[in-house]
Amino acid sequence: MRANRLAGETSPYLLQHAHNPVDWYPWGPEALERARAEDRPIFLSIGYAACHWCHVMERESFEDPATAALLNERFVAIKVDREERPDLDAVYMDAVVAMTGSGGWPMSVFLTPDGRPFYGGSYFPNEPRHGLPSFTDVLDGVAAAWRDRRAEVDDAASRLTDAVRGALRVAAGGAVDRTVLDAAVDSLEASFDAANGGWGAAPKFPQAMAIELLLRRAVAGDARALAMARRSLDRMAEGGIRDQVGGGFVRYSTDATWLVPHFEKMLYDNALLARTYLHAHELTGDRGYLDVATTTLDFVAREMTLPDGLFAASLDADTAGKEGATYVWTVSQVRDALAGAGLAGDEVLVCDAFGVTEQGNWEGRTIPVRAVPEATLAVRHGLATGEVGRRLRIARAALLAARARRPQPARDDKALAGWNGLMLAAFADAALWLGRSWDAASAAAGARYRSLAERAAARLLETHLDGDGRLRRSWKGGRAVHAGTLEDHAALADGLLALHEATQDERWFVAARALVDVILERFTDPAGGFFDTPDDGEALVVRPKGLQDNAIPSGNALAATVLLRLGTLTGDATYAGAAERTLAIVGATAGRHPTAFAQWLVAMDFALGPVDEIAIVGDPADPAVARLVDAAYRGYRPRQVVAVAPDPAASAVPLLQGRFALRGRPTAFVCRNFACRQPVTEPEALAALLAG
């Protein structure tokens, strides 16, 4: 079949549609000019490669010659990958929500030739069902309205565009103080699912940012916060939302108990959750949380790391058109996989552990879960608890090897700057924690994660950075495309700061600061906070400025987070002032709606302090310096920054300026709330200062 105009794109999602009979255009001047010249309405379809219902609509409608002929005759059809163009997605999603009260993907929006939306929805079936009109009926209706009722269409477009602009206007949020954090915990408690953890009913999404906030409030002594965080983390770790065989998490659970996943795996979920489980381990000492974090990172290293060291965007929900086919099991499949690995005697234990039964727990097959605790398994099967753990680790490897021989879901292998920044931060945090003085296996894992993080960071700066110091959003096939968004610059800067802290290599600090300076120069909104697009970016019907956190932190919340950390490391009031003005946009609103503003609340927790500024003079490779660094990271310490250098005068980190080696020995300086303590040279003395 003849390829359409999408054949020259890099996005795997667009390329999936390159042989549709629809005469698709990518978003750009050519499509918009044709719509103007021929006075045609635009049909804008927005989705992403791992989206199950996007695939369904393609099979039903976009591959159908009759439907394609209708689209080609009456519309200019534009296909957009929401992951490449989050700015377009944000503008037109606001319009769909204003029209219908909800949104989702695939997003189907009809626009005037100048880009104003006038009608839309999400998935439309190929024939009327579930209360939805057929897609062809929608096309006929929109075409008739465009031909016969143009004034009504224009009026609807104007009203919708005004509604989208109004959605970007937020009243002053009020003062940022500790009552906002207290209110947030109260609100989270009121809506908490005490039985299953998490918030909300089906479909149920992991709320990594909300749990991060709860961990920080637990550090401040709030027992309620710790209980909610642990229940959520425990239930997700046991459920089908976590890949019990291969590690990592899927996008969401279709039920309220975390059993049945929607099988797509997104890079950002795994980045955020790996970091959250790691932080929970640091706070509680629970080795189970560390296991979840490391198996998630190992999954990303194995299945989502590209040959050049960057991280792929997602794995599809479907395998050969069937959702979840790669991941589910029967008893006989488990038996065969174990027998093939010489573990024939363990199938009863393994099926018991992972809940694999003859009847299955989903469509006659079993989604593995952690059905029985290891202590209970030990009693049931007459084994020591440690022996149960050992056998299950071996069995998981055998099951994973057998699963790898099955057909695999497609991978969207574009590398997005912002999502890579989130993953970079997770690997860097794990490298820092595991690279300390633990056992040899932990040290080896920490070294491996550090290598992955350093390789990814270097490659990101090579592939995504323009000559003017700004980022491009997406890289694939040797091409960097689309202007980087606020999210891209802020998330990558945050990841680079995490890598600087893990390695004390100042090139990462310098690169992070340069990205933040671009944010201040190109994205600032004089009214407070930041726009999602640069000041010289493409002019859309509305310049987007997202505030709410969704599946990933909003660009504004990420910017506030990184500005606060950079302000502490540099002492530059420009950064701190910009962060404070940004936080003031949402203020108390965040406390009333914590799941929508969780990353903002994390930033507020840091801003309200106290924050420890730790400067260590000495060579990071010196064991005496390493012991001081170990003391700085005992337990979970989310409100601190650490910088280490042998020669403070030559350091690029202003926090180190003016420091010295006391009596020629490695020395630590601690400042808190603008007051500095006496420098110390012993790890125990540093730990005492930080505990004070």
# chains A, B, ... in the order shown; residues from 1 in each chain; ligands from 1
$ select_by_dssp --residues "stretch 426-499 of chain A" --states "strand (DSSP E)" --output "ChimeraX atom specification"
/A:472-476,479-483
$ residues_around --residues "stretch 86-100 of chain A" --least-positions-apart "2" --cutoff "8 Å" --atoms "only C-alpha atoms" --output "list in words"
Ile46, Arg82, Glu83, Glu84, Ser102, Gly103, Gly104, Met107, Val109, Pro117, Tyr119, Gly120, Gly121, Leu160, Thr161, Ala163, Val164, Ala167, Thr485, Asp532, Thr533, Leu540, Val542, Pro544 and Gly546 of chain A
$ closest_residue --among "A:Pro407, A:Gly285, A:Pro12, A:Gly446" --to "A:Lys322" --atoms "only C-alpha atoms"
A:Pro407
$ residues_around --residues "A:Thr582" --least-positions-apart "6" --cutoff "9 Å" --atoms "only C-alpha atoms" --output "ChimeraX atom specification"
/A:528-530,556-557,559-560
$ residues_around --residues "A:Leu434" --least-positions-apart "3" --cutoff "6 Å" --atoms "only C-alpha atoms" --output "number ranges by chain"
A: 430-431, 442-443, 446
$ residues_around --residues "A:Pro206" --least-positions-apart "3" --cutoff "10 Å" --atoms "only C-alpha atoms" --output "PyMOL selection string"
chain A and resi 197-199+209-211+232-233+236+241+249-253+258+269+272-273+551
$ select_by_dssp --residues "stretch 523-690 of chain A" --states "helix (DSSP H, G or I)" --output "ChimeraX atom specification"
/A:555-570,573-586,588-592,594-596,598-608,623-632,648-650,654-656,662-664,683-690
$ residues_around --residues "stretch 372-383 of chain A" --least-positions-apart "5" --cutoff "10 Å" --atoms "only C-alpha atoms" --output "short mmCIF file (atom, residue, chain, number, x, y, z; two decimals) with N, CA and C atoms, in the first residue's frame"
data_model
loop_
_atom_site.label_atom_id
_atom_site.label_comp_id
_atom_site.auth_asym_id
_atom_site.auth_seq_id
_atom_site.Cartn_x
_atom_site.Cartn_y
_atom_site.Cartn_z
N GLU A 238 2.71 -6.08 45.51
CA GLU A 238 2.16 -7.44 45.51
C GLU A 238 1.27 -7.71 44.30
N VAL A 348 4.89 -26.40 42.18
CA VAL A 348 3.82 -26.18 43.16
C VAL A 348 4.13 -24.95 44.01
N LEU A 349 5.36 -24.82 44.47
CA LEU A 349 5.76 -23.65 45.24
C LEU A 349 5.61 -22.37 44.42
N VAL A 350 6.06 -22.40 43.18
CA VAL A 350 6.05 -21.20 42.35
C VAL A 350 4.61 -20.79 42.01
N ASP A 352 1.97 -21.44 43.74
CA ASP A 352 1.39 -20.95 44.99
C ASP A 352 1.84 -19.52 45.26
N ALA A 353 3.12 -19.26 45.06
CA ALA A 353 3.67 -17.94 45.35
C ALA A 353 3.07 -16.87 44.45
N PHE A 354 2.89 -17.18 43.17
CA PHE A 354 2.45 -16.18 42.20
C PHE A 354 0.97 -16.30 41.83
N GLY A 355 0.23 -17.13 42.57
CA GLY A 355 -1.21 -17.21 42.36
C GLY A 355 -1.62 -17.82 41.04
N VAL A 388 12.96 -20.33 50.62
CA VAL A 388 11.86 -19.94 49.74
C VAL A 388 12.28 -18.78 48.84
N GLY A 389 12.89 -17.76 49.45
CA GLY A 389 13.35 -16.61 48.67
C GLY A 389 14.35 -17.01 47.61
N LEU A 392 12.56 -18.88 44.73
CA LEU A 392 11.74 -17.99 43.91
C LEU A 392 12.59 -17.09 43.02
#
$ closest_residue --among "A:Val644, A:Ala453, A:Ala317, A:Ala624" --to "A:Trp53" --atoms "only C-alpha atoms"
A:Ala317
$ residues_around --residues "A:Arg672" --least-positions-apart "6" --cutoff "8 Å" --atoms "only C-alpha atoms" --output "ChimeraX atom specification"
/A:610-613
$ write_last_selection --atoms "C-alpha atoms" --output "mmCIF file, in the first residue's frame"
data_model
loop_
_atom_site.group_PDB
_atom_site.id
_atom_site.type_symbol
_atom_site.label_atom_id
_atom_site.label_comp_id
_atom_site.auth_asym_id
_atom_site.auth_seq_id
_atom_site.Cartn_x
_atom_site.Cartn_y
_atom_site.Cartn_z
ATOM 1 C CA PRO A 610 14.963 23.412 57.099
ATOM 2 C CA VAL A 611 17.471 22.547 54.375
ATOM 3 C CA ASP A 612 20.965 21.334 55.200
ATOM 4 C CA GLU A 613 23.744 22.639 52.962
#
$ closest_residue --among "A:Leu399, A:Cys671, A:Leu547, A:Ala313" --to "A:Leu583" --atoms "only C-alpha atoms"
A:Leu547
$ closest_residue --among "A:Glu282, A:Asp647, A:Asp243, A:Glu189" --to "A:Gly618" --atoms "only C-alpha atoms"
A:Asp647
$ atom_distance --atom1 "atom CA of A:Phe597" --atom2 "atom CA of A:Thr257"
23.9 Å
$ closest_residue --among "A:Ala402, A:Leu452, A:Ile616, A:Ile367" --to "A:Ala325" --atoms "only C-alpha atoms"
A:Ile367
$ closest_residue --among "A:Phe311, A:Phe427, A:Tyr25, A:Tyr575" --to "A:Ser474" --atoms "only C-alpha atoms"
A:Phe311
